[in-house]
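Below is start_32.pdb, holding PDB, C-alpha atoms.
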ATOM      1  CA  MET A   1       0.000   0.000   0.000
ATOM      2  CA  ASN A   2       1.341   3.396  -1.016
ATOM      3  CA  GLN A   3       0.322   5.971   1.609
ATOM      4  CA  GLU A   4       1.157   8.925  -0.661
ATOM      5  CA  LYS A   5      -1.004   7.538  -3.455
ATOM      6  CA  THR A   6      -3.826   6.877  -0.991
ATOM      7  CA  GLY A   7      -3.456  10.409   0.387
ATOM      8  CA  LYS A   8      -3.677  11.955  -3.079
ATOM      9  CA  PHE A   9      -6.773   9.872  -3.774
ATOM     10  CA  LEU A  10      -8.392  11.034  -0.510
ATOM     11  CA  LYS A  11      -7.619  14.639  -1.468
ATOM     12  CA  GLU A  12      -9.134  14.083  -4.912
ATOM     13  CA  LEU A  13     -12.289  12.611  -3.379
ATOM     14  CA  ARG A  14     -12.601  15.541  -0.974
ATOM     15  CA  LYS A  15     -12.221  18.086  -3.762
ATOM     16  CA  GLN A  16     -14.784  16.251  -5.913
ATOM     17  CA  LYS A  17     -17.281  16.749  -3.071
ATOM     18  CA  GLY A  18     -16.276  20.442  -2.905
ATOM     19  CA  LEU A  19     -15.202  20.222   0.736
ATOM     20  CA  THR A  20     -12.437  21.965   2.626
ATOM     21  CA  GLN A  21     -10.179  20.067   5.004
ATOM     22  CA  GLU A  22     -11.948  21.822   7.892
ATOM     23  CA  GLN A  23     -15.380  20.670   6.716
ATOM     24  CA  LEU A  24     -14.195  17.092   6.287
ATOM     25  CA  ALA A  25     -12.455  17.167   9.676
ATOM     26  CA  GLU A  26     -15.701  18.236  11.293
ATOM     27  CA  LYS A  27     -17.588  15.432   9.513
ATOM     28  CA  PHE A  28     -15.246  12.729  10.872
ATOM     29  CA  ASN A  29     -14.540  14.373  14.272
ATOM     30  CA  VAL A  30     -10.814  14.827  13.674
ATOM     31  CA  SER A  31      -8.628  17.913  13.336
ATOM     32  CA  ASN A  32      -7.931  19.525   9.981
ATOM     33  CA  ARG A  33      -4.259  18.809  10.665
ATOM     34  CA  THR A  34      -5.165  15.102  10.736
ATOM     35  CA  ILE A  35      -6.890  15.450   7.340
ATOM     36  CA  SER A  36      -3.771  17.170   6.008
ATOM     37  CA  ARG A  37      -1.576  14.327   7.282
ATOM     38  CA  TRP A  38      -3.824  11.771   5.577
ATOM     39  CA  GLU A  39      -3.752  13.665   2.303
ATOM     40  CA  ASN A  40       0.024  14.126   2.410
ATOM     41  CA  GLY A  41       0.506  10.416   3.045
ATOM     42  CA  ASN A  42       2.131  10.997   6.450
ATOM     43  CA  ASN A  43      -0.575   9.086   8.346
ATOM     44  CA  MET A  44      -3.486   6.821   7.513
ATOM     45  CA  PRO A  45      -6.972   6.946   9.039
ATOM     46  CA  ASP A  46      -7.934   4.207  11.475
ATOM     47  CA  LEU A  47      -9.767   1.319   9.895
ATOM     48  CA  ASP A  48     -13.174   2.335  11.243
ATOM     49  CA  ILE A  49     -12.724   5.859   9.852
ATOM     50  CA  LEU A  50     -11.579   4.416   6.511
ATOM     51  CA  ILE A  51     -14.846   2.510   6.333
ATOM     52  CA  GLU A  52     -16.794   5.685   7.120
ATOM     53  CA  ILE A  53     -14.822   7.559   4.436
ATOM     54  CA  SER A  54     -15.550   4.768   1.967
ATOM     55  CA  ASP A  55     -19.269   5.024   2.696
ATOM     56  CA  TYR A  56     -19.235   8.829   2.647
ATOM     57  CA  TYR A  57     -17.515   9.055  -0.745
ATOM     58  CA  GLU A  58     -19.361   5.964  -2.014
ATOM     59  CA  VAL A  59     -16.143   4.283  -3.122
ATOM     60  CA  ASP A  60     -14.829   0.809  -2.502
ATOM     61  CA  LEU A  61     -12.515   0.450   0.491
ATOM     62  CA  ARG A  62      -9.995  -1.326  -1.721
ATOM     63  CA  GLU A  63      -9.996   1.701  -4.025
ATOM     64  CA  ILE A  64      -9.049   3.947  -1.119
ATOM     65  CA  LEU A  65      -6.340   1.558   0.041
ATOM     66  CA  ASN A  66      -4.975   1.243  -3.512
ATOM     67  CA  GLY A  67      -5.268   4.983  -4.101
ATOM     68  CA  GLU A  68      -7.149   4.623  -7.391
ATOM     69  CA  ARG A  69     -10.543   3.770  -8.791
ATOM     70  CA  LYS A  70     -11.228   0.188  -9.793
ATOM     71  CA  SER A  71     -14.255  -1.406 -11.328
ATOM     72  CA  GLY A  72     -16.556  -3.659  -9.294
ATOM     73  CA  ASN A  73     -17.920  -3.338  -5.779
ATOM     74  CA  MET A  74     -16.773  -4.797  -2.499
ATOM     75  CA  ASP A  75     -18.957  -7.767  -1.748
ATOM     76  CA  LYS A  76     -20.996  -7.711   1.442
ATOM     77  CA  GLU A  77     -19.044 -10.549   3.033
ATOM     78  CA  MET A  78     -15.756  -8.682   2.646
ATOM     79  CA  GLU A  79     -17.298  -5.501   4.008
ATOM     80  CA  GLU A  80     -18.697  -7.356   7.030
ATOM     81  CA  THR A  81     -15.283  -8.899   7.668
ATOM     82  CA  VAL A  82     -13.623  -5.486   7.567
ATOM     83  CA  LEU A  83     -16.273  -4.084   9.916
ATOM     84  CA  GLN A  84     -15.678  -6.974  12.337
ATOM     85  CA  VAL A  85     -11.940  -6.280  12.251
ATOM     86  CA  ALA A  86     -12.618  -2.610  12.965
ATOM     87  CA  ASP A  87     -14.882  -3.530  15.894
ATOM     88  CA  TYR A  88     -12.232  -5.907  17.243
ATOM     89  CA  THR A  89      -9.552  -3.227  16.918
ATOM     90  CA  ASN A  90     -11.720  -0.704  18.749
ATOM     91  CA  ALA A  91     -12.555  -3.209  21.510
ATOM     92  CA  GLU A  92      -8.857  -4.045  21.888
ATOM     93  CA  ALA A  93      -7.939  -0.357  22.129
ATOM     94  CA  GLU A  94     -10.676   0.218  24.709
ATOM     95  CA  ARG A  95      -9.339  -2.635  26.863
ATOM     96  CA  TYR A  96      -5.869  -1.095  26.857
ATOM     97  CA  ASN A  97      -7.269   2.376  27.549
ATOM     98  CA  LYS A  98      -9.168   0.919  30.505
ATOM     99  CA  ARG A  99      -5.939  -0.519  31.894
ATOM    100  CA  VAL A 100      -4.208   2.844  31.529
ATOM    101  CA  ARG A 101      -7.085   4.568  33.342
ATOM    102  CA  ILE A 102      -6.883   1.987  36.143
ATOM    103  CA  CYS A 103      -3.109   2.539  36.507
ATOM    104  CA  ASN A 104      -3.579   6.304  36.604
ATOM    105  CA  GLY A 105      -6.497   6.028  39.047
ATOM    106  CA  ILE A 106      -4.470   3.896  41.455
ATOM    107  CA  ALA A 107      -1.555   6.302  41.178
ATOM    108  CA  LEU A 108      -3.843   9.245  41.914
ATOM    109  CA  LEU A 109      -5.272   7.515  44.996
ATOM    110  CA  LEU A 110      -1.793   6.700  46.284
ATOM    111  CA  VAL A 111      -0.597  10.277  45.787
ATOM    112  CA  ALA A 112      -3.729  11.609  47.501
ATOM    113  CA  ALA A 113      -3.241   9.227  50.456
ATOM    114  CA  TYR A 114       0.401  10.258  50.716
ATOM    115  CA  ASN A 115      -0.460  13.969  50.745
ATOM    116  CA  ILE A 116      -3.261  13.559  53.275
ATOM    117  CA  ILE A 117      -1.255  11.422  55.721
ATOM    118  CA  LYS A 118       1.974  13.431  55.512
ATOM    119  CA  ASP A 119       0.147  16.455  56.917
ATOM    120  CA  THR A 120      -1.097  14.543  59.987
ATOM    121  CA  SER A 121       0.549  13.497  63.215
ATOM    122  CA  LEU A 122       0.866   9.950  61.832
ATOM    123  CA  TYR A 123       3.766  11.170  59.703
ATOM    124  CA  ASN A 124       6.009  11.113  62.801
ATOM    125  CA  ASN A 125       5.750   7.307  62.977
ATOM    126  CA  PRO A 126       8.702   5.622  61.179
ATOM    127  CA  THR A 127       6.501   2.731  60.002
ATOM    128  CA  VAL A 128       4.016   5.160  58.453
ATOM    129  CA  ILE A 129       6.863   7.040  56.738
ATOM    130  CA  ILE A 130       8.129   3.777  55.197
ATOM    131  CA  GLY A 131       4.575   2.890  54.102
ATOM    132  CA  LEU A 132       4.139   6.335  52.533
ATOM    133  CA  ASP A 133       7.463   6.045  50.721
ATOM    134  CA  ILE A 134       6.341   2.688  49.338
ATOM    135  CA  ALA A 135       2.984   4.211  48.308
ATOM    136  CA  GLN A 136       4.800   7.065  46.572
ATOM    137  CA  GLY A 137       7.042   4.586  44.744
ATOM    138  CA  LEU A 138       4.003   2.539  43.692
ATOM    139  CA  ALA A 139       2.289   5.696  42.438
ATOM    140  CA  ILE A 140       5.265   6.554  40.259
ATOM    141  CA  GLY A 141       5.429   2.950  39.075
ATOM    142  CA  MET A 142       1.732   2.952  38.156
ATOM    143  CA  LEU A 143       2.110   6.214  36.236
ATOM    144  CA  LEU A 144       5.093   4.807  34.351
ATOM    145  CA  ALA A 145       3.209   1.561  33.638
ATOM    146  CA  GLY A 146       0.265   3.567  32.284
ATOM    147  CA  LEU A 147       2.595   5.665  30.159
ATOM    148  CA  LEU A 148       4.374   2.594  28.818
ATOM    149  CA  TYR A 149       1.093   0.817  28.148
ATOM    150  CA  SER A 150      -0.226   3.742  26.102
ATOM    151  CA  SER A 151       2.968   4.252  24.079
ATOM    152  CA  ARG A 152       4.095   2.540  20.894
ATOM    153  CA  TYR A 153       6.471   0.499  23.023
ATOM    154  CA  GLY A 154       3.459  -0.898  24.851
ATOM    155  CA  ALA A 155       2.140  -2.245  21.540
ATOM    156  CA  LYS A 156       5.513  -3.852  20.835
ATOM    157  CA  ILE A 157       5.560  -5.428  24.292
ATOM    158  CA  ARG A 158       2.004  -6.760  23.813
ATOM    159  CA  ALA A 159       2.924  -8.232  20.406
ATOM    160  CA  PHE A 160       6.009  -9.880  21.929
ATOM    161  CA  LYS A 161       3.871 -11.271  24.771
ATOM    162  CA  HIS A 162       1.388 -12.746  22.278
ATOM    163  CA  ARG A 163       4.205 -14.405  20.321
ATOM    164  CA  LEU A 164       5.611 -15.907  23.522
ATOM    165  CA  LEU A 165       2.218 -17.208  24.621
ATOM    166  CA  LYS A 166       1.661 -18.823  21.204
ATOM    167  CA  ARG A 167       5.017 -20.630  21.458
ATOM    168  CA  GLN A 168       4.203 -21.914  24.950
ATOM    169  CA  GLY A 169       0.614 -22.921  24.042
TER
END
Produce structure tokens that represent the structure in this file.
Amino acid sequence: MNQEKTGKFLKELRKQKGLTQEQLAEKFNVSNRTISRWENGNNMPDLDILIEISDYYEVDLREILNGERKSGNMDKEMEETVLQVADYTNAEAERYNKRVRICNGIALLLVAAYNIIKDTSLYNNPTVIIGLDIAQGLAIGMLLAGLLYSSRYGAKIRAFKHRLLKRQG
């Protein structure tokens, strides 16, 4: 797949509809900078947005991916398969986002507990100080885990984990 060719095709489709990048961005709930990146071939839309674009412009998804018009229509079975893949991708992303929110929520609770207890008379107790230091360390660890999970490195780690589990299974 040639991203530049696809981008030029997306730009051509937009201009045929007489739309600006801003108008199209509003239609698909993205920024006009995102539209520009798609049209320049720097980025590609997510699969679910590609399907919406295909429907909006009334072109075959394969035409968008190939960056040129072809004859024939995408059969319903293929379209349903692509929609299922998009749903799976969105569900997968939501699961990871949930994990990041949980990590950040735990970190926030630990930081709040630390700040509340350090201002009380309990802070004079050496055991409480050690416990608070551990809580602070856990909070930082949870924030780092959430950051790692949401980064591109998190995706690489997940892919590596899946490969390992397949070998063991």
> Counting only C-alpha atoms, which of A:Lys27, A:Tyr57, A:Met1, A:Gly41 gets nearest to A:Lys15?
Replying inline: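 Going through A:Lys27, A:Tyr57, A:Met1, A:Gly41 one by one, the smallest distance to A:Lys15 is for A:Tyr57.
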>> Excluding A:Asn104 and its own-chain neighbours fewer than 6 positions away, which residues fall within 8 Å of it when counting all atoms listed in the file? Please give them as an NGL selection string.
In response: :A and (142-143 or 146)
Pull C-alpha atoms from the residues just selected and write them as a PDB file, keeping the file's coordinate frame.
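Now in again.pdb:
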ATOM      1  CA  MET A 142       1.732   2.952  38.156  1.00  0.00           C
ATOM      2  CA  LEU A 143       2.110   6.214  36.236  1.00  0.00           C
ATOM      3  CA  GLY A 146       0.265   3.567  32.284  1.00  0.00           C
TER       4      GLY A 146
END
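When only C-alpha atoms are used to compute distances to A:Gly67, the closest of the residues A:Lys8, A:Arg99, A:Lys161, A:Lys156 turns out to be A:Lys8.
Relative to atom CA of A:Ile102, atom CA of A:Ile49 is found at 27.2 Å.
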>> Taking the file as I've supplied it (selection: the PyMOL selection byres ((chain A and resi 40) around 10)), which residues are included? Please answer as a list in words.
In response: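 That expression, the PyMOL selection byres ((chain A and resi 40) around 10), corresponds here to Gln3, Glu4, Lys5, Thr6, Gly7, Lys8, Leu10, Lys11, Thr34, Ile35, Ser36, Arg37, Trp38, Glu39, Gly41, Asn42, Asn43 and Met44 of chain A.
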> On this structure, which residues satisfy the PyMOL selection byres ((chain A and resi 100) around 12), written as a PyMOL selection string?
Replying inline: chain A and resi 93-99+101-107+142-151+154
Generate a file of the selected residues that holds C-alpha atoms, formatted as a short mmCIF file (atom, residue, chain, number, x, y, z; two decimals), in the frame of the given file.
data_model
loop_
_atom_site.label_atom_id
_atom_site.label_comp_id
_atom_site.auth_asym_id
_atom_site.auth_seq_id
_atom_site.Cartn_x
_atom_site.Cartn_y
_atom_site.Cartn_z
CA ALA A 93 -7.94 -0.36 22.13
CA GLU A 94 -10.68 0.22 24.71
CA ARG A 95 -9.34 -2.64 26.86
CA TYR A 96 -5.87 -1.10 26.86
CA ASN A 97 -7.27 2.38 27.55
CA LYS A 98 -9.17 0.92 30.50
CA ARG A 99 -5.94 -0.52 31.89
CA ARG A 101 -7.08 4.57 33.34
CA ILE A 102 -6.88 1.99 36.14
CA CYS A 103 -3.11 2.54 36.51
CA ASN A 104 -3.58 6.30 36.60
CA GLY A 105 -6.50 6.03 39.05
CA ILE A 106 -4.47 3.90 41.46
CA ALA A 107 -1.56 6.30 41.18
CA MET A 142 1.73 2.95 38.16
CA LEU A 143 2.11 6.21 36.24
CA LEU A 144 5.09 4.81 34.35
CA ALA A 145 3.21 1.56 33.64
CA GLY A 146 0.26 3.57 32.28
CA LEU A 147 2.60 5.66 30.16
CA LEU A 148 4.37 2.59 28.82
CA TYR A 149 1.09 0.82 28.15
CA SER A 150 -0.23 3.74 26.10
CA SER A 151 2.97 4.25 24.08
CA GLY A 154 3.46 -0.90 24.85
#
> Can you tell me how far atom CA of A:Leu122 sits from atom CA of A:Gly141, in Å to one decimal?
Replying inline: 24.2 Å
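Among the candidate residues A:Asn115, A:Gln168, A:Ser54, A:Gln84, the one lying nearest to A:Arg14 is A:Ser54, with distances computed using all atoms listed in the file.
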> If you count all atoms listed in the file, which residues fall within 12 Å of stretch 128-130 of chain A, apart from same-chain ones fewer than 4 positions away, as a ChimeraX atom specification?
Replying inline: /A:113-115,117-124,134-137
> Can you tell me how far atom CA of A:Pro45 sits from atom CA of A:Ser31, in Å to one decimal?
Replying inline: 11.9 Å
>> Residue by residue, what does the PyMOL selection byres ((chain A and resi 28) around 12) grab here? Present the result as a list in words.
In response: Gln21, Glu22, Gln23, Leu24, Ala25, Glu26, Lys27, Asn29, Val30, Ser31, Asn32, Thr34, Ile35, Pro45, Asp46, Asp48, Ile49, Leu50, Ile51, Glu52, Ile53, Ser54, Asp55 and Tyr56 of chain A
Determine the axis-aligned bounding box of all atoms of stretch 131-138 of chain A present in the file, pad each side by 3 Å, and express its centre and edge lengths in Å to one decimal place as lines of an AutoDock Vina configuration file.
center_x = 5.2
center_y = 4.8
center_z = 48.9
size_x = 10.5
size_y = 10.5
size_z = 16.4
>> For a quick check of understanding, using only C-alpha atoms, which of A:Ala159, A:Leu132, A:Leu108, A:Leu13 has the smallest distance to A:Val59?
In response: A:Leu13
> Which residue, A:Glu68, A:Leu165, A:Leu47, A:Leu19, has the smallest gap to A:Tyr88 when you use only C-alpha atoms?
Replying inline: A:Leu47
> So which one's closest to A:Asp60, A:Ile116, A:Leu164, A:Ala139, A:Val82? Using all atoms listed in the file, please.
Replying inline: A:Val82
